[in-house]
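**Student:** Next comes upload_10.cif, mmCIF, C-alpha atoms:
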```
data_structure
loop_
_atom_site.label_atom_id
_atom_site.label_comp_id
_atom_site.auth_asym_id
_atom_site.auth_seq_id
_atom_site.Cartn_x
_atom_site.Cartn_y
_atom_site.Cartn_z
CA MET S 13 92.76 133.48 78.43
CA ARG S 14 91.24 130.11 79.39
CA ALA S 15 93.36 127.56 81.23
CA ALA S 16 93.00 124.30 83.18
CA VAL S 17 94.24 125.00 86.70
CA LEU S 18 95.05 122.61 89.55
CA ARG S 19 93.29 123.83 92.70
CA ASP S 20 93.13 120.67 94.84
CA HIS S 21 95.01 117.42 94.23
CA GLY S 22 92.65 114.71 93.06
CA GLU S 23 89.81 117.14 92.43
CA PRO S 24 88.81 118.08 88.84
CA LEU S 25 90.94 120.81 87.30
CA GLU S 26 89.20 124.17 87.15
CA ILE S 27 88.73 125.82 83.74
CA GLU S 28 89.42 129.47 84.54
CA ASP S 29 90.11 132.83 82.94
CA VAL S 30 93.69 133.85 83.78
CA ASP S 31 96.05 136.57 82.59
CA CYS S 32 97.88 135.98 79.32
CA PRO S 33 101.66 135.59 79.79
CA ASP S 34 104.13 138.27 78.71
CA PRO S 35 107.47 137.24 77.23
CA SER S 36 110.55 137.52 79.41
CA PRO S 37 113.56 139.14 77.68
CA HIS S 38 114.84 135.65 76.72
CA GLY S 39 111.42 134.06 76.18
CA VAL S 40 108.52 133.84 73.75
CA VAL S 41 104.78 133.38 74.09
CA VAL S 42 103.20 130.60 72.02
CA ALA S 43 99.53 130.42 71.04
CA VAL S 44 98.82 126.75 71.75
CA GLU S 45 97.31 124.84 68.83
CA ALA S 46 97.58 121.38 70.40
CA CYS S 47 98.77 119.83 73.66
CA GLY S 48 98.98 116.17 74.60
CA VAL S 49 97.34 114.80 77.74
CA CYS S 50 100.02 112.73 79.43
CA ARG S 51 100.17 110.39 82.41
CA SER S 52 102.73 112.77 83.95
CA ASP S 53 99.86 115.29 84.12
CA TRP S 54 97.90 112.63 85.99
CA HIS S 55 100.76 112.16 88.47
CA ALA S 56 100.83 115.93 89.05
CA TRP S 57 97.06 116.06 89.46
CA GLN S 58 97.21 113.24 92.01
CA GLY S 59 99.87 115.06 94.03
CA HIS S 60 102.60 112.47 93.52
CA GLY S 61 106.29 113.26 93.75
CA GLU S 62 106.61 114.68 97.24
CA TRP S 63 109.09 111.87 98.03
CA VAL S 64 111.59 113.57 95.68
CA GLY S 65 110.55 117.15 96.37
CA ASP S 66 108.62 117.23 93.11
CA ARG S 67 105.00 117.67 94.21
CA VAL S 68 103.14 120.16 92.00
CA SER S 69 101.66 123.12 93.87
CA ASP S 70 98.05 124.23 93.84
CA GLY S 71 97.44 126.99 91.31
CA GLN S 72 99.54 125.31 88.61
CA ILE S 73 98.41 125.28 84.97
CA LEU S 74 99.20 121.74 83.82
CA GLY S 75 100.07 120.57 80.30
CA HIS S 76 103.57 119.98 78.95
CA GLU S 77 103.32 118.70 75.35
CA PRO S 78 102.49 121.84 73.35
CA ALA S 79 102.85 122.86 69.75
CA GLY S 80 101.73 126.20 68.37
CA ARG S 81 102.63 129.55 66.86
CA VAL S 82 104.83 132.25 68.39
CA VAL S 83 102.83 135.42 69.07
CA ALA S 84 105.25 137.51 71.20
CA VAL S 85 109.04 137.61 71.42
CA GLY S 86 111.39 138.93 74.12
CA ASP S 87 114.00 141.49 73.12
CA ARG S 88 116.96 139.16 73.75
CA VAL S 89 115.66 136.31 71.56
CA ARG S 90 117.67 135.90 68.37
CA THR S 91 116.63 132.69 66.58
CA VAL S 92 112.85 132.58 67.09
CA ALA S 93 110.48 135.03 65.40
CA GLU S 94 106.83 135.90 65.65
CA GLY S 95 104.82 133.57 63.44
CA ASP S 96 107.19 130.60 63.80
CA ARG S 97 105.48 127.27 64.45
CA VAL S 98 107.25 125.52 67.31
CA ALA S 99 107.19 122.58 69.67
CA VAL S 100 108.40 122.84 73.25
CA PRO S 101 110.10 120.18 75.41
CA PHE S 102 108.83 119.83 78.96
CA ASN S 103 112.41 119.84 80.32
CA LEU S 104 113.38 123.47 79.81
CA GLY S 105 117.11 124.16 79.95
CA ASP S 106 118.77 127.54 80.35
CA GLY S 107 121.26 126.70 77.59
CA SER S 108 124.26 127.88 79.59
CA CYS S 109 124.91 125.51 82.52
CA PRO S 110 127.62 122.81 82.25
CA GLN S 111 125.00 120.13 81.53
CA CYS S 112 123.40 122.14 78.72
CA LEU S 113 126.80 122.98 77.22
CA CYS S 114 127.66 119.27 77.20
CA GLY S 115 124.43 118.34 75.40
CA HIS S 116 122.48 117.23 78.47
CA GLY S 117 119.95 120.04 78.77
CA ASN S 118 117.28 117.59 79.93
CA VAL S 119 119.05 117.59 83.31
CA CYS S 120 119.93 121.30 83.31
CA GLU S 121 121.23 122.45 86.69
CA ASP S 122 118.88 125.44 86.62
CA GLY S 123 116.17 123.93 84.44
CA LEU S 124 112.42 124.12 84.75
CA ALA S 125 109.71 121.55 84.10
CA LEU S 126 106.96 122.97 81.91
CA GLY S 127 103.57 122.60 83.54
CA PHE S 128 104.98 121.40 86.85
CA GLN S 129 106.46 124.52 88.46
CA PRO S 130 105.03 127.99 89.20
CA GLU S 131 107.85 129.53 87.15
CA ALA S 132 106.82 127.42 84.14
CA GLN S 133 103.02 127.49 83.85
CA GLY S 134 101.77 124.85 81.46
CA ALA S 135 100.04 124.53 78.13
CA PHE S 136 96.52 123.45 79.01
CA ALA S 137 95.82 127.07 78.09
CA GLU S 138 95.35 129.30 75.10
CA GLU S 139 98.92 130.61 75.44
CA VAL S 140 102.11 129.40 77.10
CA HIS S 141 105.39 131.13 77.91
CA VAL S 142 108.66 129.48 76.82
CA PRO S 143 111.79 130.69 78.65
CA HIS S 144 115.24 130.67 77.01
CA ALA S 145 113.48 130.30 73.68
CA ASP S 146 116.64 130.23 71.59
CA TYR S 147 117.45 126.95 73.34
CA ASN S 148 113.99 125.49 73.99
CA ALA S 149 111.67 126.43 71.10
CA MET S 150 111.96 123.92 68.27
CA ARG S 151 110.70 124.89 64.81
CA LEU S 152 108.23 122.46 63.28
CA PRO S 153 109.00 120.94 59.87
CA ASN S 154 106.81 122.24 57.06
CA GLY S 155 103.55 120.39 56.73
CA VAL S 156 103.59 118.78 60.19
CA ALA S 157 100.26 119.24 61.95
CA ALA S 158 100.29 120.66 65.48
CA ARG S 159 98.24 117.64 66.62
CA ASP S 160 100.93 115.24 65.40
CA MET S 161 103.69 117.35 66.92
CA ALA S 162 101.91 117.38 70.27
CA ALA S 163 101.81 113.59 70.05
CA LEU S 164 105.59 113.76 69.53
CA GLY S 165 105.81 115.62 72.86
CA CYS S 166 107.29 114.28 76.05
CA ARG S 167 106.32 110.67 75.46
CA PHE S 168 107.81 110.24 72.01
CA MET S 169 110.95 112.26 72.68
CA THR S 170 111.50 110.48 76.00
CA ALA S 171 111.16 107.12 74.28
CA PHE S 172 113.59 108.19 71.54
CA HIS S 173 116.17 109.46 74.03
CA ALA S 174 115.74 106.35 76.17
CA LEU S 175 116.30 103.88 73.37
CA THR S 176 119.05 105.72 71.49
CA ALA S 177 121.11 107.68 74.03
CA ARG S 178 120.52 105.61 77.16
CA GLY S 179 119.87 102.15 75.73
CA GLY S 180 122.00 102.21 72.59
CA VAL S 181 119.39 100.20 70.67
CA GLY S 182 120.43 99.06 67.21
CA GLY S 183 119.13 96.95 64.37
CA GLY S 184 118.29 93.40 65.39
CA ASP S 185 118.24 94.05 69.14
CA TRP S 186 115.37 92.75 71.20
CA VAL S 187 113.48 95.43 73.15
CA ALA S 188 110.84 94.64 75.77
CA VAL S 189 108.33 97.36 76.65
CA HIS S 190 106.38 96.95 79.88
CA GLY S 191 103.27 99.13 79.83
CA CYS S 192 101.71 100.26 76.55
CA GLY S 193 100.38 103.68 77.44
CA GLY S 194 101.55 106.71 75.50
CA VAL S 195 105.26 106.46 76.27
CA GLY S 196 105.26 102.67 75.97
CA LEU S 197 103.61 102.74 72.56
CA SER S 198 106.04 105.46 71.52
CA ALA S 199 108.89 103.18 72.57
CA VAL S 200 107.42 100.34 70.51
CA HIS S 201 107.16 102.56 67.44
CA VAL S 202 110.63 104.11 67.83
CA ALA S 203 112.28 100.73 68.46
CA ASP S 204 110.68 99.37 65.30
CA ALA S 205 111.93 102.40 63.35
CA LEU S 206 115.45 101.72 64.65
CA GLY S 207 115.30 98.18 63.30
CA ALA S 208 114.88 96.48 66.65
CA ARG S 209 112.55 93.58 67.43
CA VAL S 210 109.95 94.33 70.07
CA VAL S 211 108.00 92.44 72.73
CA ALA S 212 105.16 94.56 74.15
CA VAL S 213 103.61 93.80 77.55
CA ASP S 214 100.32 95.12 78.95
CA ILE S 215 97.13 93.94 80.63
CA ARG S 216 94.76 95.34 77.98
CA ASP S 217 94.10 93.73 74.62
CA ALA S 218 93.33 97.08 72.98
CA ALA S 219 96.74 98.46 73.96
CA LEU S 220 98.48 95.30 72.73
CA ASP S 221 96.61 95.42 69.43
CA LEU S 222 97.81 98.99 68.95
CA ALA S 223 101.36 97.93 69.87
CA SER S 224 101.21 95.29 67.14
CA ASP S 225 100.02 97.89 64.64
CA LEU S 226 102.99 100.08 65.62
CA GLY S 227 105.58 97.38 65.06
CA ALA S 228 105.65 94.94 68.00
CA ASP S 229 106.82 91.49 66.91
CA ALA S 230 105.27 89.75 69.90
CA VAL S 231 102.86 90.73 72.66
CA VAL S 232 102.32 89.41 76.18
CA ASN S 233 99.10 89.94 78.10
CA ALA S 234 100.10 90.09 81.77
CA ALA S 235 96.58 90.24 83.20
CA GLY S 236 96.20 87.87 86.16
CA ARG S 237 99.63 86.33 85.65
CA SER S 238 102.66 86.11 87.91
CA GLY S 239 105.85 87.99 87.22
CA ARG S 240 107.63 84.69 86.62
CA GLU S 241 105.09 83.73 83.95
CA VAL S 242 105.25 87.12 82.23
CA THR S 243 109.03 87.42 82.17
CA GLY S 244 109.41 83.80 81.12
CA GLU S 245 107.23 84.48 78.09
CA VAL S 246 109.15 87.67 77.30
CA ARG S 247 112.49 85.85 77.44
CA ALA S 248 111.15 83.03 75.28
CA ALA S 249 109.81 85.47 72.69
CA SER S 250 113.11 87.40 72.63
CA ASP S 251 115.44 84.42 72.17
CA GLY S 252 116.72 84.39 75.74
CA GLY S 253 115.95 87.88 76.96
CA ALA S 254 115.82 91.48 75.88
CA HIS S 255 118.94 93.49 75.12
CA VAL S 256 117.01 96.51 76.39
CA SER S 257 113.89 96.49 78.54
CA VAL S 258 111.75 99.51 79.36
CA ASP S 259 109.52 100.10 82.37
CA ALA S 260 107.10 102.53 80.79
CA LEU S 261 104.62 102.52 83.68
CA GLY S 262 106.49 102.95 86.95
CA VAL S 263 104.85 100.50 89.32
CA ALA S 264 106.93 97.97 91.27
CA GLU S 265 105.63 95.02 89.23
CA THR S 266 106.56 96.43 85.82
CA CYS S 267 109.95 97.63 87.06
CA ARG S 268 110.89 94.22 88.42
CA ASN S 269 109.45 92.41 85.40
CA SER S 270 111.54 94.62 83.16
CA VAL S 271 114.73 93.71 85.01
CA PHE S 272 113.86 89.98 84.97
CA SER S 273 113.22 90.19 81.20
CA LEU S 274 116.85 91.03 80.42
CA ARG S 275 119.49 88.79 78.93
CA ARG S 276 123.07 88.91 80.20
CA ARG S 277 124.61 92.41 79.98
CA GLY S 278 121.19 93.82 79.15
CA THR S 279 120.00 97.32 80.02
CA HIS S 280 116.90 98.31 81.97
CA LEU S 281 115.50 101.78 81.25
CA GLN S 282 113.37 103.42 83.93
CA VAL S 283 110.96 105.76 82.18
CA GLY S 284 107.72 105.45 84.19
CA LEU S 285 107.22 107.42 87.40
CA THR S 286 106.11 105.71 90.59
CA THR S 287 102.83 106.28 92.42
CA ASP S 288 102.14 106.90 96.10
CA GLU S 289 102.22 103.13 96.60
CA GLU S 290 105.94 102.86 95.73
CA ARG S 291 106.86 106.44 96.73
CA GLY S 292 109.94 106.30 94.56
CA GLU S 293 111.28 103.03 96.00
CA VAL S 294 111.27 99.59 94.34
CA SER S 295 112.93 96.39 95.57
CA LEU S 296 115.34 95.01 92.94
CA PRO S 297 117.28 91.74 92.49
CA VAL S 298 120.68 93.40 92.80
CA GLU S 299 122.71 90.18 93.03
CA ARG S 300 121.11 88.89 89.84
CA MET S 301 121.88 92.23 88.18
CA ALA S 302 125.50 92.04 89.35
CA MET S 303 125.96 88.45 88.18
CA MET S 304 124.47 89.28 84.77
CA GLU S 305 126.24 92.66 84.55
CA ALA S 306 122.86 94.24 83.88
CA ASP S 307 122.63 98.04 83.70
CA PHE S 308 119.86 100.10 85.31
CA LYS S 309 119.49 103.56 83.77
CA GLY S 310 117.11 106.42 84.45
CA VAL S 311 115.58 108.51 81.68
CA ARG S 312 114.22 112.05 81.81
CA GLY S 313 112.88 113.65 78.64
CA MET S 314 115.38 114.53 75.93
CA PRO S 315 117.92 117.32 75.46
CA PRO S 316 116.50 120.04 73.19
CA THR S 317 119.69 119.80 71.13
CA ARG S 318 118.66 116.32 69.95
CA TYR S 319 115.36 117.43 68.43
CA ASP S 320 116.88 117.57 64.94
CA GLU S 321 117.52 113.81 65.05
CA LEU S 322 113.95 113.06 66.03
CA LEU S 323 112.50 115.52 63.53
CA GLY S 324 114.67 113.91 60.84
CA LEU S 325 112.97 110.57 61.51
CA LEU S 326 109.61 112.32 61.36
CA GLU S 327 110.34 114.01 58.02
CA SER S 328 111.62 110.74 56.55
CA GLY S 329 108.38 108.97 57.45
CA ALA S 330 110.17 106.44 59.66
CA ILE S 331 108.00 107.48 62.58
CA GLU S 332 104.39 108.66 62.48
CA PRO S 333 103.37 110.01 65.89
CA GLY S 334 99.89 110.81 64.61
CA ARG S 335 99.19 107.06 64.51
CA LEU S 336 99.19 107.03 68.30
CA VAL S 337 96.44 109.67 68.54
CA ARG S 338 93.17 108.02 69.41
CA ARG S 339 91.14 111.04 70.51
CA GLU S 340 91.10 114.80 70.03
CA VAL S 341 89.56 116.64 72.97
CA THR S 342 88.74 120.17 74.10
CA LEU S 343 90.20 122.06 77.03
CA ASP S 344 86.93 121.51 78.87
CA ASP S 345 87.41 117.73 78.51
CA VAL S 346 90.81 117.68 80.23
CA PRO S 347 89.57 117.11 83.83
CA ASP S 348 87.58 114.05 82.76
CA ARG S 349 90.38 112.68 80.57
CA LEU S 350 92.83 112.86 83.47
CA ALA S 351 90.33 111.06 85.68
CA ALA S 352 90.00 108.32 83.06
CA MET S 353 93.71 107.54 83.47
CA THR S 354 93.17 106.47 87.08
CA ASP S 355 91.75 103.12 85.96
CA TYR S 356 93.71 103.02 82.68
CA GLY S 357 90.62 104.07 80.76
CA THR S 358 92.53 105.61 77.87
CA THR S 359 94.28 103.99 74.92
CA GLY S 360 97.05 105.58 72.88
CA VAL S 361 97.48 109.35 72.98
CA GLU S 362 94.82 111.99 73.51
CA VAL S 363 95.45 115.57 72.36
CA VAL S 364 93.72 118.85 73.18
CA THR S 365 93.03 120.64 69.89
CA GLU S 366 90.33 123.10 70.90
CA PHE S 367 90.89 125.78 73.51
#
```
As structure tokens, what does this structure read like?

**Tutor:**
Amino acid sequence: MRAAVLRDHGEPLEIEDVDCPDPSPHGVVVAVEACGVCRSDWHAWQGHGEWVGDRVSDGQILGHEPAGRVVAVGDRVRTVAEGDRVAVPFNLGDGSCPQCLCGHGNVCEDGLALGFQPEAQGAFAEEVHVPHADYNAMRLPNGVAARDMAALGCRFMTAFHALTARGGVGGGDWVAVHGCGGVGLSAVHVADALGARVVAVDIRDAALDLASDLGADAVVNAAGRSGREVTGEVRAASDGGAHVSVDALGVAETCRNSVFSLRRRGTHLQVGLTTDEERGEVSLPVERMAMMEADFKGVRGMPPTRYDELLGLLESGAIEPGRLVRREVTLDDVPDRLAAMTDYGTTGVEVVTEF
């Protein structure tokens, strides 16, 4: 089969012929119909993450937002059958550790990260293997296109988990979103669906226009402006500060701006991953956070057991992930589309639909 393989960090992915996967006893093989191209793929391609022991190895097939059809099933799988149309979370749990049993499979003690580890080769390929399929393979609702489900992949589900489980966002809350890439725009759209009011922050007018289309009540263009100016405008737009603020990019500036955008007893959600400039470390105003009783919470994906909640919003029409898709690309386009992310040359979500 054809796959996009990382051979050297920072060099274009190689489109190669590799062996098709075979299902493990507890796994299934999925013929990929669509897979999102995510900034996390860009981080992996750049070789980021070594500061937390998370650097992706050469030889890895990237891609972690797949949707497709099951074509082979292991003999221990009970709830997934050949022909089922499924989506797959990037955070693969084993379904049996204490975290999984308590509903926190996104931080499974023995989990794998799809597309980021040799044991979990990714979905920039014609086929992908899904381990522990009874736990990780999520059936698609009838009539949902694979392209739209791929757009619902890690970015949308991470945003949903962040705002609901980690941020506790409810109707009427103010939510600030710093960085309107794929996960940031997903957060804007999900927050709007939850009845929250949203302030979106970015340095690109095109991204802010899309944020407005997806439900942002106010936008702030941060280009060329100080953090004090940006956060002052966010607090003014949100009647004194956000109840929940999201760093959806992961650079020091957006992280600190997110914290300074909060009102008293507000919650910062760290969704974006840092680059080799921050190397996982950001200076924070801890005394201010203590005096305001502000919370700082990390977010990683979403437990597979919460998919039904997200799919319920999708079926109801409250969220429309397909609205974020701005380009459909081929597998051969993936190296160039990753490179375009280096200078923020993409808007919305791009999805591979031809392999």

**Student:** Nearest to Arg240 of chain S among S:Met13, S:Val271, S:Val263, S:Leu74, with distances taken over only C-alpha atoms: which residue is it?

**Tutor:**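 So, comparing all the options, the nearest one is S:Val271.
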
**Student:** Mind dumping a table of every segment 315-346 of chain S residue within 10 Å of segment 199-205 of chain S, with the nearest atom pair and its distance in Å to one decimal, using all atoms listed in the file, sorted by chain and rising number, as a tab-separated table?

**Tutor:**
```
residue	atom	partner	partner_atom	distance
S:Leu322	CA	S:Val202	CA	9.7
S:Leu325	CA	S:Ala205	CA	8.4
S:Gly329	CA	S:Ala205	CA	9.5
S:Ala330	CA	S:Ala205	CA	5.7
S:Ile331	CA	S:Ala205	CA	6.5
S:Glu332	CA	S:His201	CA	8.3
S:Pro333	CA	S:His201	CA	8.5
S:Arg335	CA	S:His201	CA	9.6
S:Leu336	CA	S:His201	CA	9.2
```

**Student:** Which residue is closest to Pro316 of chain S? Choose from S:Leu113, S:Leu197, S:Cys267, S:Val337 and count all atoms listed in the file.

**Tutor:**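 Using all atoms listed in the file, the shortest distance to Pro316 of chain S belongs to S:Leu113.
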
**Student:** Between S:Leu226, S:Val256, S:Val49, S:Ile215, which residue has the minimum interatomic distance to Val364 of chain S, considering all atoms listed in the file?

**Tutor:** S:Val49

**Student:** Just give me the gap between atom CA of Gly179 of chain S and atom CA of Ala228 of chain S in Å, one decimal is fine.

**Tutor:**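 Between atom CA of Gly179 of chain S and atom CA of Ala228 of chain S the gap works out to 17.7 Å.
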
**Student:** For each of S:Ala248, S:Ala235, S:Ala254, S:Ala230, take the minimum atom-to-atom distance to Val181 of chain S, counting all atoms listed in the file, then give the residue where this is smallest.

**Tutor:** S:Ala254

**Student:** Given the file above and the PyMOL selection byres ((chain S and resi 260) around 7), which residues are selected, and can you give them as a list in words?

**Tutor:**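 On the file shown, the PyMOL selection byres ((chain S and resi 260) around 7) covers Val189, His190, Gly191, Val195, Gly196, Val258, Asp259, Leu261, Gly262, Val283 and Gly284 of chain S.
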
**Student:** Report as a list in words the residues that result from applying the PyMOL selection byres ((chain S and resi 311) around 8) to the structure here.

**Tutor:**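 With the shown file as input, the PyMOL selection byres ((chain S and resi 311) around 8) matches Thr170, His173, Ala174, Arg178, Leu281, Gln282, Val283, Lys309, Gly310, Arg312 and Gly313 of chain S.
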
**Student:** Interatomic distance between atom CA of Leu343 of chain S and atom CA of Leu18 of chain S?

**Tutor:** 13.4 Å

**Student:** Mind listing whatever residues come within 7 Å of the point (120.4, 122.9, 82.9)? Use only C-alpha atoms, file coordinates, and give them as an mmCIF file with C-alpha atoms, in the coordinates of the input.

**Tutor:**
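File produced: selection-v4.cif:
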```
data_model
loop_
_atom_site.group_PDB
_atom_site.id
_atom_site.type_symbol
_atom_site.label_atom_id
_atom_site.label_comp_id
_atom_site.auth_asym_id
_atom_site.auth_seq_id
_atom_site.Cartn_x
_atom_site.Cartn_y
_atom_site.Cartn_z
ATOM 1 C CA GLY S 105 117.110 124.160 79.950
ATOM 2 C CA ASP S 106 118.770 127.540 80.350
ATOM 3 C CA GLY S 107 121.260 126.700 77.590
ATOM 4 C CA CYS S 109 124.910 125.510 82.520
ATOM 5 C CA GLN S 111 125.000 120.130 81.530
ATOM 6 C CA CYS S 112 123.400 122.140 78.720
ATOM 7 C CA GLY S 117 119.950 120.040 78.770
ATOM 8 C CA ASN S 118 117.280 117.590 79.930
ATOM 9 C CA VAL S 119 119.050 117.590 83.310
ATOM 10 C CA CYS S 120 119.930 121.300 83.310
ATOM 11 C CA GLU S 121 121.230 122.450 86.690
ATOM 12 C CA ASP S 122 118.880 125.440 86.620
ATOM 13 C CA GLY S 123 116.170 123.930 84.440
#
```

**Student:** Rank S:Glu45, S:Phe172, S:Glu94, S:Arg51 by their smallest atom-to-atom distance to Thr354 of chain S, using all atoms listed in the file, and report the top residue only.

**Tutor:**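 Closest residue, counting all atoms listed in the file: S:Arg51.
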
**Student:** Provide the atom CA of Ala208 of chain S to atom CA of Leu326 of chain S distance in Å, to one decimal place.

**Tutor:** 17.5 Å

**Student:** Using the chain letters and numbers from the file, give me the residues hit by the PyMOL selection byres ((chain S and resi 366) around 12), as a list in words.

**Tutor:**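 Output of the PyMOL selection byres ((chain S and resi 366) around 12): Arg14, Ala15, Ala43, Val44, Glu45, Ala46, Cys47, Gly48, Phe136, Ala137, Glu138, Ala158, Arg159, Glu340, Val341, Thr342, Leu343, Asp344, Asp345, Val346, Val363, Val364, Thr365 and Phe367 of chain S.
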
**Student:** Please rebuild segment 228-243 of chain S with N, CA and C atoms and return the result as a CSV table (one decimal), keeping the file's coordinate frame.

**Tutor:**
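The result, written out as result-v8.csv:
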```csv
chain,number,residue,atom,x,y,z
S,228,ALA,N,105.2,96.0,67.1
S,228,ALA,CA,105.6,94.9,68.0
S,228,ALA,C,105.7,93.6,67.3
S,229,ASP,N,106.7,92.8,67.5
S,229,ASP,CA,106.8,91.5,66.9
S,229,ASP,C,106.1,90.4,67.7
S,230,ALA,N,106.0,90.7,69.0
S,230,ALA,CA,105.3,89.8,69.9
S,230,ALA,C,104.6,90.6,71.0
S,231,VAL,N,103.5,90.1,71.6
S,231,VAL,CA,102.9,90.7,72.7
S,231,VAL,C,102.6,89.7,73.8
S,232,VAL,N,102.6,90.2,75.0
S,232,VAL,CA,102.3,89.4,76.2
S,232,VAL,C,101.3,90.1,77.0
S,233,ASN,N,100.1,89.4,77.2
S,233,ASN,CA,99.1,89.9,78.1
S,233,ASN,C,99.4,89.5,79.5
S,234,ALA,N,99.7,90.4,80.4
S,234,ALA,CA,100.1,90.1,81.8
S,234,ALA,C,99.0,90.0,82.8
S,235,ALA,N,97.7,90.2,82.3
S,235,ALA,CA,96.6,90.2,83.2
S,235,ALA,C,96.4,88.9,84.0
S,236,GLY,N,96.4,89.0,85.3
S,236,GLY,CA,96.2,87.9,86.2
S,236,GLY,C,97.3,86.9,86.2
S,237,ARG,N,98.5,87.3,85.7
S,237,ARG,CA,99.6,86.3,85.6
S,237,ARG,C,100.8,86.8,86.6
S,238,SER,N,101.5,85.8,87.0
S,238,SER,CA,102.7,86.1,87.9
S,238,SER,C,103.8,86.7,87.1
S,239,GLY,N,104.7,87.4,87.9
S,239,GLY,CA,105.8,88.0,87.2
S,239,GLY,C,106.7,86.9,86.6
S,240,ARG,N,106.8,85.8,87.2
S,240,ARG,CA,107.6,84.7,86.6
S,240,ARG,C,107.0,84.2,85.3
S,241,GLU,N,105.7,84.1,85.2
S,241,GLU,CA,105.1,83.7,84.0
S,241,GLU,C,105.3,84.8,82.9
S,242,VAL,N,105.1,86.0,83.2
S,242,VAL,CA,105.2,87.1,82.2
S,242,VAL,C,106.7,87.2,81.7
S,243,THR,N,107.6,87.2,82.6
S,243,THR,CA,109.0,87.4,82.2
S,243,THR,C,109.5,86.2,81.5
```
